[in-house]
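Engineer: Below is data24.txt; it holds compact mmCIF, N, CA and C atoms and all ligand atoms.
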```txt
# COMPACT_ATOMS: atom_id res chain seq x y z
N MET A 1 8.58 10.51 26.52
CA MET A 1 8.47 9.84 25.22
C MET A 1 7.08 9.23 25.07
N THR A 2 6.50 9.44 23.91
CA THR A 2 5.18 8.84 23.69
C THR A 2 5.32 7.36 23.36
N ASN A 3 4.39 6.65 23.89
CA ASN A 3 4.38 5.21 23.69
C ASN A 3 3.29 4.89 22.67
N ILE A 4 3.70 4.55 21.44
CA ILE A 4 2.72 4.24 20.41
C ILE A 4 2.43 2.75 20.44
N PRO A 5 1.16 2.40 20.76
CA PRO A 5 0.84 0.97 20.85
C PRO A 5 0.94 0.30 19.48
N GLU A 6 1.20 -0.99 19.49
CA GLU A 6 1.26 -1.74 18.24
C GLU A 6 -0.10 -1.81 17.60
N LEU A 7 -0.13 -1.81 16.29
CA LEU A 7 -1.39 -1.89 15.56
C LEU A 7 -1.88 -3.34 15.51
N PRO A 8 -3.21 -3.51 15.49
CA PRO A 8 -3.72 -4.85 15.20
C PRO A 8 -3.21 -5.29 13.82
N ALA A 9 -2.91 -6.57 13.68
CA ALA A 9 -2.32 -7.06 12.43
C ALA A 9 -3.16 -6.64 11.23
N GLY A 10 -2.49 -6.18 10.20
CA GLY A 10 -3.16 -5.85 8.95
C GLY A 10 -3.70 -4.43 8.86
N THR A 11 -3.83 -3.75 10.01
CA THR A 11 -4.35 -2.39 9.95
C THR A 11 -3.21 -1.41 9.68
N ALA A 12 -3.60 -0.18 9.31
CA ALA A 12 -2.58 0.83 9.03
C ALA A 12 -2.65 1.99 10.01
N GLY A 13 -3.70 2.02 10.83
CA GLY A 13 -3.74 3.00 11.92
C GLY A 13 -4.18 4.40 11.55
N PHE A 14 -4.87 4.53 10.42
CA PHE A 14 -5.39 5.87 10.11
C PHE A 14 -6.64 5.77 9.24
N VAL A 15 -7.39 6.87 9.23
CA VAL A 15 -8.57 6.97 8.36
C VAL A 15 -8.09 7.46 7.00
N ASP A 16 -8.36 6.68 5.98
CA ASP A 16 -7.92 7.05 4.63
C ASP A 16 -8.78 8.16 4.05
N HIS A 17 -10.09 8.02 4.21
CA HIS A 17 -10.97 9.08 3.72
C HIS A 17 -12.36 8.98 4.34
N ILE A 18 -13.07 10.08 4.22
CA ILE A 18 -14.46 10.15 4.63
C ILE A 18 -15.28 10.34 3.36
N GLY A 19 -16.21 9.43 3.10
CA GLY A 19 -17.00 9.48 1.88
C GLY A 19 -18.31 10.21 2.10
N ILE A 20 -18.60 11.15 1.21
CA ILE A 20 -19.82 11.95 1.33
C ILE A 20 -20.59 11.87 0.01
N ALA A 21 -21.85 11.48 0.10
CA ALA A 21 -22.70 11.38 -1.08
C ALA A 21 -23.24 12.75 -1.44
N VAL A 22 -23.06 13.14 -2.69
CA VAL A 22 -23.55 14.45 -3.15
C VAL A 22 -24.34 14.25 -4.44
N THR A 23 -25.24 15.17 -4.70
CA THR A 23 -26.01 15.06 -5.94
C THR A 23 -25.25 15.68 -7.11
N ASP A 24 -24.50 16.73 -6.81
CA ASP A 24 -23.81 17.47 -7.88
C ASP A 24 -22.40 17.81 -7.42
N LEU A 25 -21.42 17.32 -8.17
CA LEU A 25 -20.02 17.48 -7.76
C LEU A 25 -19.58 18.94 -7.77
N ASP A 26 -19.97 19.68 -8.79
CA ASP A 26 -19.54 21.09 -8.89
C ASP A 26 -20.12 21.91 -7.73
N GLU A 27 -21.36 21.62 -7.41
CA GLU A 27 -22.02 22.31 -6.29
C GLU A 27 -21.30 21.97 -4.98
N ALA A 28 -20.96 20.70 -4.82
CA ALA A 28 -20.28 20.27 -3.59
C ALA A 28 -18.88 20.88 -3.49
N LEU A 29 -18.22 21.07 -4.64
CA LEU A 29 -16.88 21.67 -4.62
C LEU A 29 -16.93 23.13 -4.18
N VAL A 30 -18.01 23.80 -4.49
CA VAL A 30 -18.16 25.18 -4.01
C VAL A 30 -18.13 25.17 -2.48
N LEU A 31 -18.82 24.22 -1.88
CA LEU A 31 -18.88 24.14 -0.43
C LEU A 31 -17.55 23.70 0.18
N TYR A 32 -17.03 22.57 -0.27
CA TYR A 32 -15.85 21.98 0.38
C TYR A 32 -14.54 22.68 0.01
N ARG A 33 -14.42 23.10 -1.25
CA ARG A 33 -13.18 23.74 -1.71
C ARG A 33 -13.25 25.26 -1.55
N ASP A 34 -14.27 25.86 -2.14
CA ASP A 34 -14.28 27.32 -2.23
C ASP A 34 -14.70 27.98 -0.92
N LEU A 35 -15.61 27.36 -0.19
CA LEU A 35 -16.04 27.97 1.08
C LEU A 35 -15.25 27.45 2.26
N MET A 36 -14.97 26.15 2.30
CA MET A 36 -14.29 25.56 3.45
C MET A 36 -12.78 25.47 3.29
N GLY A 37 -12.29 25.61 2.07
CA GLY A 37 -10.85 25.73 1.87
C GLY A 37 -10.06 24.45 1.74
N LEU A 38 -10.74 23.34 1.47
CA LEU A 38 -9.97 22.11 1.23
C LEU A 38 -9.46 22.10 -0.20
N GLU A 39 -8.23 21.62 -0.35
CA GLU A 39 -7.62 21.59 -1.68
C GLU A 39 -8.08 20.36 -2.46
N LEU A 40 -8.52 20.61 -3.68
CA LEU A 40 -8.92 19.49 -4.56
C LEU A 40 -7.66 18.79 -5.06
N GLU A 41 -7.58 17.50 -4.78
CA GLU A 41 -6.42 16.75 -5.26
C GLU A 41 -6.65 16.21 -6.66
N ARG A 42 -7.82 15.62 -6.88
CA ARG A 42 -8.10 15.11 -8.23
C ARG A 42 -9.59 14.78 -8.39
N LEU A 43 -9.99 14.75 -9.65
CA LEU A 43 -11.31 14.28 -10.02
C LEU A 43 -11.13 12.94 -10.71
N GLU A 44 -12.08 12.05 -10.50
CA GLU A 44 -11.94 10.72 -11.08
C GLU A 44 -13.30 10.12 -11.35
N ASP A 45 -13.45 9.51 -12.53
CA ASP A 45 -14.64 8.72 -12.80
C ASP A 45 -14.34 7.27 -12.42
N VAL A 46 -15.25 6.67 -11.68
CA VAL A 46 -15.09 5.24 -11.37
C VAL A 46 -16.27 4.50 -12.02
N PRO A 47 -16.10 4.10 -13.28
CA PRO A 47 -17.23 3.50 -14.02
C PRO A 47 -17.75 2.23 -13.36
N SER A 48 -16.86 1.45 -12.73
CA SER A 48 -17.31 0.20 -12.10
C SER A 48 -18.30 0.46 -10.98
N GLU A 49 -18.19 1.62 -10.33
CA GLU A 49 -19.11 1.98 -9.24
C GLU A 49 -20.16 2.98 -9.71
N GLN A 50 -20.03 3.40 -10.98
CA GLN A 50 -20.95 4.42 -11.52
C GLN A 50 -20.96 5.70 -10.68
N VAL A 51 -19.76 6.13 -10.27
CA VAL A 51 -19.66 7.37 -9.51
C VAL A 51 -18.56 8.27 -10.06
N LYS A 52 -18.80 9.55 -9.91
CA LYS A 52 -17.76 10.56 -10.13
C LYS A 52 -17.23 10.92 -8.75
N VAL A 53 -15.92 10.99 -8.63
CA VAL A 53 -15.29 11.20 -7.33
C VAL A 53 -14.43 12.46 -7.36
N ALA A 54 -14.52 13.26 -6.30
CA ALA A 54 -13.58 14.36 -6.07
C ALA A 54 -12.87 14.07 -4.76
N MET A 55 -11.54 14.03 -4.82
CA MET A 55 -10.74 13.81 -3.62
C MET A 55 -10.15 15.13 -3.16
N LEU A 56 -10.48 15.51 -1.92
CA LEU A 56 -9.95 16.75 -1.35
C LEU A 56 -9.10 16.40 -0.15
N LYS A 57 -8.01 17.16 0.03
CA LYS A 57 -7.09 16.86 1.13
C LYS A 57 -7.65 17.35 2.46
N LEU A 58 -7.55 16.50 3.48
CA LEU A 58 -8.01 16.89 4.81
C LEU A 58 -7.07 17.92 5.44
N ASP A 59 -5.82 17.93 5.01
CA ASP A 59 -4.93 19.01 5.42
C ASP A 59 -4.05 19.37 4.22
N ARG A 60 -3.22 20.40 4.36
CA ARG A 60 -2.50 20.88 3.19
C ARG A 60 -1.51 19.88 2.63
N THR A 61 -1.02 18.96 3.47
CA THR A 61 -0.03 18.01 2.97
C THR A 61 -0.71 16.85 2.25
N GLY A 62 -1.97 16.59 2.58
CA GLY A 62 -2.65 15.44 2.00
C GLY A 62 -2.20 14.14 2.64
N ALA A 63 -1.39 14.25 3.69
CA ALA A 63 -0.84 13.05 4.32
C ALA A 63 -1.81 12.42 5.30
N VAL A 64 -2.76 13.19 5.81
CA VAL A 64 -3.61 12.64 6.86
C VAL A 64 -4.94 12.09 6.35
N GLY A 65 -5.21 12.20 5.08
CA GLY A 65 -6.44 11.63 4.56
C GLY A 65 -7.21 12.60 3.69
N HIS A 66 -8.37 12.14 3.28
CA HIS A 66 -9.12 12.90 2.28
C HIS A 66 -10.61 12.91 2.58
N VAL A 67 -11.27 13.89 1.98
CA VAL A 67 -12.72 13.85 1.86
C VAL A 67 -12.99 13.33 0.44
N GLU A 68 -13.83 12.34 0.34
CA GLU A 68 -14.18 11.75 -0.96
C GLU A 68 -15.63 12.13 -1.27
N LEU A 69 -15.80 13.04 -2.22
CA LEU A 69 -17.15 13.40 -2.62
C LEU A 69 -17.59 12.43 -3.72
N LEU A 70 -18.77 11.86 -3.55
CA LEU A 70 -19.26 10.83 -4.48
C LEU A 70 -20.56 11.28 -5.12
N ALA A 71 -20.53 11.46 -6.44
CA ALA A 71 -21.75 11.85 -7.15
C ALA A 71 -22.14 10.72 -8.10
N PRO A 72 -23.43 10.37 -8.13
CA PRO A 72 -23.86 9.25 -8.98
C PRO A 72 -23.75 9.57 -10.47
N MET A 73 -23.37 8.55 -11.25
CA MET A 73 -23.34 8.68 -12.71
C MET A 73 -24.59 8.06 -13.33
N SER A 74 -25.32 7.28 -12.55
CA SER A 74 -26.56 6.67 -13.06
C SER A 74 -27.56 6.57 -11.91
N ASP A 75 -28.81 6.30 -12.27
CA ASP A 75 -29.87 6.27 -11.26
C ASP A 75 -29.87 5.00 -10.41
N ASP A 76 -29.21 3.95 -10.91
CA ASP A 76 -29.30 2.69 -10.17
C ASP A 76 -28.00 2.31 -9.47
N CYS A 77 -27.04 3.23 -9.40
CA CYS A 77 -25.81 2.92 -8.66
C CYS A 77 -26.05 3.07 -7.15
N ASN A 78 -25.13 2.55 -6.37
CA ASN A 78 -25.30 2.56 -4.91
C ASN A 78 -25.47 3.96 -4.34
N ILE A 79 -24.70 4.90 -4.86
CA ILE A 79 -24.78 6.27 -4.33
C ILE A 79 -26.14 6.91 -4.67
N ALA A 80 -26.64 6.63 -5.88
CA ALA A 80 -27.96 7.16 -6.25
C ALA A 80 -29.04 6.58 -5.34
N LYS A 81 -28.92 5.28 -5.05
CA LYS A 81 -29.90 4.63 -4.18
C LYS A 81 -29.83 5.21 -2.76
N PHE A 82 -28.60 5.44 -2.30
CA PHE A 82 -28.41 6.01 -0.96
C PHE A 82 -29.06 7.39 -0.89
N ILE A 83 -28.81 8.22 -1.90
CA ILE A 83 -29.35 9.59 -1.89
C ILE A 83 -30.87 9.55 -1.98
N ALA A 84 -31.40 8.62 -2.78
CA ALA A 84 -32.86 8.51 -2.91
C ALA A 84 -33.49 8.15 -1.56
N LYS A 85 -32.79 7.31 -0.80
CA LYS A 85 -33.33 6.83 0.47
C LYS A 85 -33.11 7.82 1.62
N LYS A 86 -31.89 8.34 1.71
CA LYS A 86 -31.52 9.14 2.88
C LYS A 86 -31.19 10.59 2.58
N GLY A 87 -31.09 10.92 1.30
CA GLY A 87 -30.65 12.26 0.93
C GLY A 87 -29.13 12.31 0.92
N PRO A 88 -28.56 13.39 0.38
CA PRO A 88 -27.10 13.51 0.36
C PRO A 88 -26.56 13.65 1.78
N GLY A 89 -25.30 13.32 1.96
CA GLY A 89 -24.69 13.47 3.29
C GLY A 89 -23.61 12.44 3.52
N LEU A 90 -23.23 12.34 4.80
CA LEU A 90 -22.17 11.42 5.20
C LEU A 90 -22.51 10.00 4.74
N HIS A 91 -21.59 9.37 4.04
CA HIS A 91 -21.87 8.05 3.47
C HIS A 91 -21.05 6.94 4.11
N HIS A 92 -19.73 7.11 4.20
CA HIS A 92 -18.91 6.07 4.81
C HIS A 92 -17.60 6.62 5.36
N ILE A 93 -16.96 5.83 6.20
CA ILE A 93 -15.62 6.12 6.68
C ILE A 93 -14.71 4.99 6.21
N ALA A 94 -13.60 5.34 5.61
CA ALA A 94 -12.69 4.33 5.07
C ALA A 94 -11.43 4.24 5.92
N PHE A 95 -11.17 3.04 6.41
CA PHE A 95 -9.99 2.79 7.23
C PHE A 95 -8.90 2.15 6.38
N ALA A 96 -7.70 2.66 6.51
CA ALA A 96 -6.59 2.13 5.73
C ALA A 96 -6.14 0.80 6.31
N ALA A 97 -5.84 -0.14 5.42
CA ALA A 97 -5.32 -1.43 5.84
C ALA A 97 -3.98 -1.68 5.17
N ALA A 98 -3.06 -2.24 5.93
CA ALA A 98 -1.79 -2.65 5.34
C ALA A 98 -1.97 -3.98 4.64
N ASP A 99 -2.83 -4.83 5.21
CA ASP A 99 -3.16 -6.11 4.59
C ASP A 99 -4.66 -6.33 4.73
N ILE A 100 -5.38 -6.13 3.66
CA ILE A 100 -6.84 -6.11 3.71
C ILE A 100 -7.42 -7.48 4.05
N GLU A 101 -6.76 -8.56 3.59
CA GLU A 101 -7.28 -9.90 3.87
C GLU A 101 -7.26 -10.22 5.37
N ILE A 102 -6.20 -9.79 6.03
CA ILE A 102 -6.09 -10.03 7.48
C ILE A 102 -7.21 -9.29 8.22
N VAL A 103 -7.45 -8.04 7.83
CA VAL A 103 -8.50 -7.26 8.50
C VAL A 103 -9.88 -7.86 8.20
N MET A 104 -10.10 -8.27 6.95
CA MET A 104 -11.38 -8.90 6.58
C MET A 104 -11.63 -10.15 7.42
N GLN A 105 -10.60 -10.97 7.55
CA GLN A 105 -10.76 -12.22 8.29
C GLN A 105 -11.05 -11.95 9.77
N ARG A 106 -10.36 -10.94 10.34
CA ARG A 106 -10.62 -10.64 11.74
C ARG A 106 -12.04 -10.13 11.94
N CYS A 107 -12.53 -9.33 10.99
CA CYS A 107 -13.90 -8.85 11.08
C CYS A 107 -14.90 -10.01 10.98
N ARG A 108 -14.63 -10.94 10.04
CA ARG A 108 -15.50 -12.12 9.92
C ARG A 108 -15.49 -12.92 11.22
N ASP A 109 -14.29 -13.14 11.76
CA ASP A 109 -14.16 -13.92 12.99
C ASP A 109 -14.91 -13.24 14.14
N ALA A 110 -14.99 -11.91 14.09
CA ALA A 110 -15.68 -11.16 15.15
C ALA A 110 -17.19 -11.12 14.91
N GLY A 111 -17.63 -11.78 13.81
CA GLY A 111 -19.07 -11.85 13.55
C GLY A 111 -19.62 -10.69 12.73
N LEU A 112 -18.75 -9.88 12.20
CA LEU A 112 -19.21 -8.75 11.38
C LEU A 112 -19.55 -9.25 9.97
N ARG A 113 -20.52 -8.57 9.37
CA ARG A 113 -20.95 -8.94 8.03
C ARG A 113 -20.24 -8.07 7.00
N LEU A 114 -19.63 -8.70 6.03
CA LEU A 114 -18.98 -7.96 4.96
C LEU A 114 -19.93 -7.87 3.76
N LEU A 115 -19.93 -6.74 3.11
CA LEU A 115 -20.76 -6.57 1.92
C LEU A 115 -20.07 -7.10 0.68
N ASP A 116 -18.77 -7.33 0.78
CA ASP A 116 -18.00 -7.87 -0.35
C ASP A 116 -17.30 -9.13 0.11
N GLU A 117 -17.39 -10.16 -0.74
CA GLU A 117 -16.70 -11.42 -0.45
C GLU A 117 -15.20 -11.26 -0.63
N ALA A 118 -14.84 -10.47 -1.62
CA ALA A 118 -13.42 -10.25 -1.94
C ALA A 118 -13.21 -8.77 -2.24
N PRO A 119 -11.99 -8.29 -2.03
CA PRO A 119 -11.73 -6.88 -2.33
C PRO A 119 -12.01 -6.56 -3.80
N ARG A 120 -12.55 -5.37 -4.04
CA ARG A 120 -12.72 -4.92 -5.42
C ARG A 120 -11.98 -3.61 -5.59
N THR A 121 -11.88 -3.16 -6.82
CA THR A 121 -11.08 -1.97 -7.10
C THR A 121 -11.96 -0.72 -7.02
N GLY A 122 -11.55 0.21 -6.16
CA GLY A 122 -12.27 1.46 -6.01
C GLY A 122 -11.47 2.64 -6.54
N ALA A 123 -11.87 3.84 -6.12
CA ALA A 123 -11.20 5.06 -6.57
C ALA A 123 -9.70 4.99 -6.27
N GLY A 124 -8.91 5.51 -7.18
CA GLY A 124 -7.47 5.55 -6.98
C GLY A 124 -6.80 4.19 -7.10
N GLY A 125 -7.53 3.20 -7.65
CA GLY A 125 -6.96 1.87 -7.82
C GLY A 125 -6.79 1.13 -6.50
N LYS A 126 -7.47 1.63 -5.44
CA LYS A 126 -7.35 0.96 -4.14
C LYS A 126 -8.22 -0.28 -4.08
N GLN A 127 -7.79 -1.23 -3.29
CA GLN A 127 -8.58 -2.42 -3.02
C GLN A 127 -9.51 -2.11 -1.86
N ILE A 128 -10.80 -2.34 -2.06
CA ILE A 128 -11.77 -1.94 -1.03
C ILE A 128 -12.79 -3.04 -0.73
N VAL A 129 -13.24 -3.06 0.52
CA VAL A 129 -14.40 -3.87 0.92
C VAL A 129 -15.22 -3.03 1.90
N PHE A 130 -16.51 -3.32 1.94
CA PHE A 130 -17.38 -2.62 2.87
C PHE A 130 -17.93 -3.58 3.92
N LEU A 131 -18.13 -3.04 5.11
CA LEU A 131 -18.81 -3.79 6.17
C LEU A 131 -20.27 -3.35 6.18
N HIS A 132 -21.15 -4.30 6.47
CA HIS A 132 -22.56 -3.93 6.56
C HIS A 132 -22.76 -3.02 7.77
N PRO A 133 -23.41 -1.86 7.56
CA PRO A 133 -23.54 -0.90 8.68
C PRO A 133 -24.28 -1.48 9.88
N LYS A 134 -25.08 -2.54 9.66
CA LYS A 134 -25.78 -3.16 10.80
C LYS A 134 -24.80 -3.86 11.72
N SER A 135 -23.64 -4.26 11.19
CA SER A 135 -22.67 -4.89 12.08
C SER A 135 -21.54 -3.94 12.48
N SER A 136 -21.64 -2.69 12.08
CA SER A 136 -20.60 -1.73 12.48
C SER A 136 -21.23 -0.46 13.05
N GLY A 137 -22.17 -0.68 13.94
CA GLY A 137 -22.72 0.43 14.72
C GLY A 137 -23.43 1.50 13.91
N GLY A 138 -24.01 1.10 12.77
CA GLY A 138 -24.77 2.07 11.99
C GLY A 138 -23.93 2.92 11.06
N VAL A 139 -22.62 2.68 11.08
CA VAL A 139 -21.73 3.44 10.20
C VAL A 139 -21.26 2.52 9.07
N LEU A 140 -21.47 2.93 7.84
CA LEU A 140 -20.94 2.16 6.72
C LEU A 140 -19.41 2.32 6.74
N MET A 141 -18.71 1.20 6.90
CA MET A 141 -17.26 1.25 6.98
C MET A 141 -16.63 0.60 5.77
N GLU A 142 -15.63 1.27 5.26
CA GLU A 142 -14.84 0.73 4.14
C GLU A 142 -13.47 0.39 4.70
N ILE A 143 -12.93 -0.73 4.25
CA ILE A 143 -11.53 -1.04 4.54
C ILE A 143 -10.81 -0.91 3.21
N CYS A 144 -9.74 -0.16 3.16
CA CYS A 144 -9.08 0.03 1.88
C CYS A 144 -7.58 -0.15 1.99
N HIS A 145 -7.05 -0.66 0.90
CA HIS A 145 -5.61 -0.92 0.82
C HIS A 145 -5.08 -0.34 -0.47
N ASP A 146 -4.04 0.44 -0.34
CA ASP A 146 -3.41 1.04 -1.52
C ASP A 146 -2.27 0.12 -1.97
N PRO A 147 -2.46 -0.58 -3.10
CA PRO A 147 -1.43 -1.53 -3.53
C PRO A 147 -0.11 -0.86 -3.88
N ASP A 148 -0.13 0.45 -4.10
CA ASP A 148 1.10 1.16 -4.47
C ASP A 148 1.93 1.59 -3.26
N HIS A 149 1.40 1.36 -2.06
CA HIS A 149 2.13 1.81 -0.87
C HIS A 149 2.37 0.66 0.11
CO CO A 201 -14.54 5.35 -0.15
```
In structure tokens, write the structure found in this file.

Structural biologist:
Amino acid sequence: MTNIPELPAGTAGFVDHIGIAVTDLDEALVLYRDLMGLELERLEDVPSEQVKVAMLKLDRTGAVGHVELLAPMSDDCNIAKFIAKKGPGLHHIAFAAADIEIVMQRCRDAGLRLLDEAPRTGAGGKQIVFLHPKSSGGVLMEICHDPDH
């Protein structure tokens, strides 16, 4: 019998999505959907973040997570700035939280820097916060909570 260890309080124990910055969503869909075979779940505009998002399933069930393609809608949004600085590519990893406040507080207590004081609404109506990549080993980390689940 496998012994599944208990999760740290507030976490959900899985990666919700991997965020990838792209310059052109249609071009990126050719690569991820048409060449690599990931199924497109939905397209979404997130005006608050000034991004167009394509969510693709990491597996056929969509149960294990998603690839989130992020294309800028304006020149001064975060994704546009990221692409200008580093070029398109891997942008962030989003970890699912059952209780985002608990995870945020534990990160603060551990000395990690949060980029958001409070959760804000991201793609899919999820509550999201980001950790500063300088305090998370060079990886931009998102903590996200789906209020519908
Ligand atoms: Co994300």

Engineer: So that I can see what lies close to Met141 of chain A, please list as a list in words the residues with an atom at most 6.5 Å from it, counting all atoms listed in the file and leaving out residues fewer than 3 positions away in the same chain.

Structural biologist: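 Counting all atoms listed in the file, the residues come to His92, Ile93, Ala94, Phe95, Val129, Phe130, Leu131, His132 and Pro133 of chain A.
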
Engineer: Identify all residues of chain A in alpha helix (DSSP H) (DSSP on the backbone) and supply them as a count of residues only.

Structural biologist: 24

Engineer: How many Å separate atom N of Gly62 of chain A from atom N of Ile83 of chain A?

Structural biologist: 28.5 Å

Engineer: Rounded to one decimal in Å, what is the spacing between atom N of Leu43 of chain A and atom CA of Glu68 of chain A?

Structural biologist: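 One can read the atom N of Leu43 of chain A to atom CA of Glu68 of chain A distance as 10.1 Å.
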
Engineer: For Gly89 of chain A, find every residue with an atom within 6.5 Å (counting all atoms listed in the file), except residues of its own chain fewer than 2 positions away, and show them as a ChimeraX atom specification.

Structural biologist: /A:19-22,87,91

Engineer: Enter the distance from atom N of Ala28 of chain A to atom CA of Gln127 of chain A, in Å, rounded to one decimal.

Structural biologist: 26.3 Å

Engineer: Give me the residues within 7 Å of Ser135 of chain A as a ChimeraX atom specification, counting all atoms listed in the file and dropping any in the same chain fewer than 5 places off.

Structural biologist: /A:111-113

Engineer: Among the residues of chain A, find those DSSP assigns to strand (DSSP E or B) from the backbone and print them as a PyMOL selection string.

Structural biologist: chain A and resi 11-21+40-46+51-57+66-72+89-97+114+120-121+127-131+141-145

Engineer: Taking 3 positions as the minimum chain separation for residues in the same chain, which residues sit within 6 Å of Val53 of chain A when counting only N, CA and C atoms? Answer as an MDAnalysis selection string.

Structural biologist: chainID A and resid 42:46 69:71

Engineer: Keeping only N, CA and C atoms, write those residues as a PDB file, keeping the file's coordinate frame.

Structural biologist:
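Printed below is again_3.pdb as written:
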```
ATOM      1  N   ARG A  42      -7.820  15.620  -6.880  1.00  0.00           N
ATOM      2  CA  ARG A  42      -8.100  15.110  -8.230  1.00  0.00           C
ATOM      3  C   ARG A  42      -9.590  14.780  -8.390  1.00  0.00           C
ATOM      4  N   LEU A  43      -9.990  14.750  -9.650  1.00  0.00           N
ATOM      5  CA  LEU A  43     -11.310  14.280 -10.020  1.00  0.00           C
ATOM      6  C   LEU A  43     -11.130  12.940 -10.710  1.00  0.00           C
ATOM      7  N   GLU A  44     -12.080  12.050 -10.500  1.00  0.00           N
ATOM      8  CA  GLU A  44     -11.940  10.720 -11.080  1.00  0.00           C
ATOM      9  C   GLU A  44     -13.300  10.120 -11.350  1.00  0.00           C
ATOM     10  N   ASP A  45     -13.450   9.510 -12.530  1.00  0.00           N
ATOM     11  CA  ASP A  45     -14.640   8.720 -12.800  1.00  0.00           C
ATOM     12  C   ASP A  45     -14.340   7.270 -12.420  1.00  0.00           C
ATOM     13  N   VAL A  46     -15.250   6.670 -11.680  1.00  0.00           N
ATOM     14  CA  VAL A  46     -15.090   5.240 -11.370  1.00  0.00           C
ATOM     15  C   VAL A  46     -16.270   4.500 -12.020  1.00  0.00           C
ATOM     16  N   LEU A  69     -15.800  13.040  -2.220  1.00  0.00           N
ATOM     17  CA  LEU A  69     -17.150  13.400  -2.620  1.00  0.00           C
ATOM     18  C   LEU A  69     -17.590  12.430  -3.720  1.00  0.00           C
ATOM     19  N   LEU A  70     -18.770  11.860  -3.550  1.00  0.00           N
ATOM     20  CA  LEU A  70     -19.260  10.830  -4.480  1.00  0.00           C
ATOM     21  C   LEU A  70     -20.560  11.280  -5.120  1.00  0.00           C
ATOM     22  N   ALA A  71     -20.530  11.460  -6.440  1.00  0.00           N
ATOM     23  CA  ALA A  71     -21.750  11.850  -7.150  1.00  0.00           C
ATOM     24  C   ALA A  71     -22.140  10.720  -8.100  1.00  0.00           C
TER      25      ALA A  71
END
```

Engineer: Which one of A:Gly122, A:Pro5, A:Gly37, A:Pro147 sits closest to ligand CO 201 (chain A) if you count only N, CA and C atoms and all ligand atoms?

Structural biologist: A:Gly122

Engineer: Please identify all polymer residues within 9 Å of Met73 of chain A, counting only C-alpha atoms, omitting same-chain residues fewer than 4 positions from it, and present them as a list of chain:residue names.

Structural biologist: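 Returned residues: A:Asp45, A:Pro47, A:Glu49, A:Gln50, A:Val51, A:Lys52, A:Cys77, A:Ile79, A:Ala80.
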
Engineer: Which is closer to ligand CO 201 (chain A) than all the others in A:Asp99, A:Asp16, A:Glu6, A:Glu39, using only C-alpha atoms and all ligand atoms?

Structural biologist: A:Asp16

Engineer: Quick one: of A:Asn3, A:Thr23, A:Gln105, A:Thr61, who's nearest to Leu38 of chain A, counting only C-alpha atoms?

Structural biologist: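 For Leu38 of chain A, the nearest of the candidates is A:Thr61.
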
Engineer: Would you mind telling me which residue in A:Ala123, A:Leu90, A:Val103, A:Ala9 lies nearest to ligand CO 201 (chain A) when using only C-alpha atoms and all ligand atoms?

Structural biologist: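 Counting only C-alpha atoms and all ligand atoms, the residue closest to ligand CO 201 (chain A) is A:Ala123.
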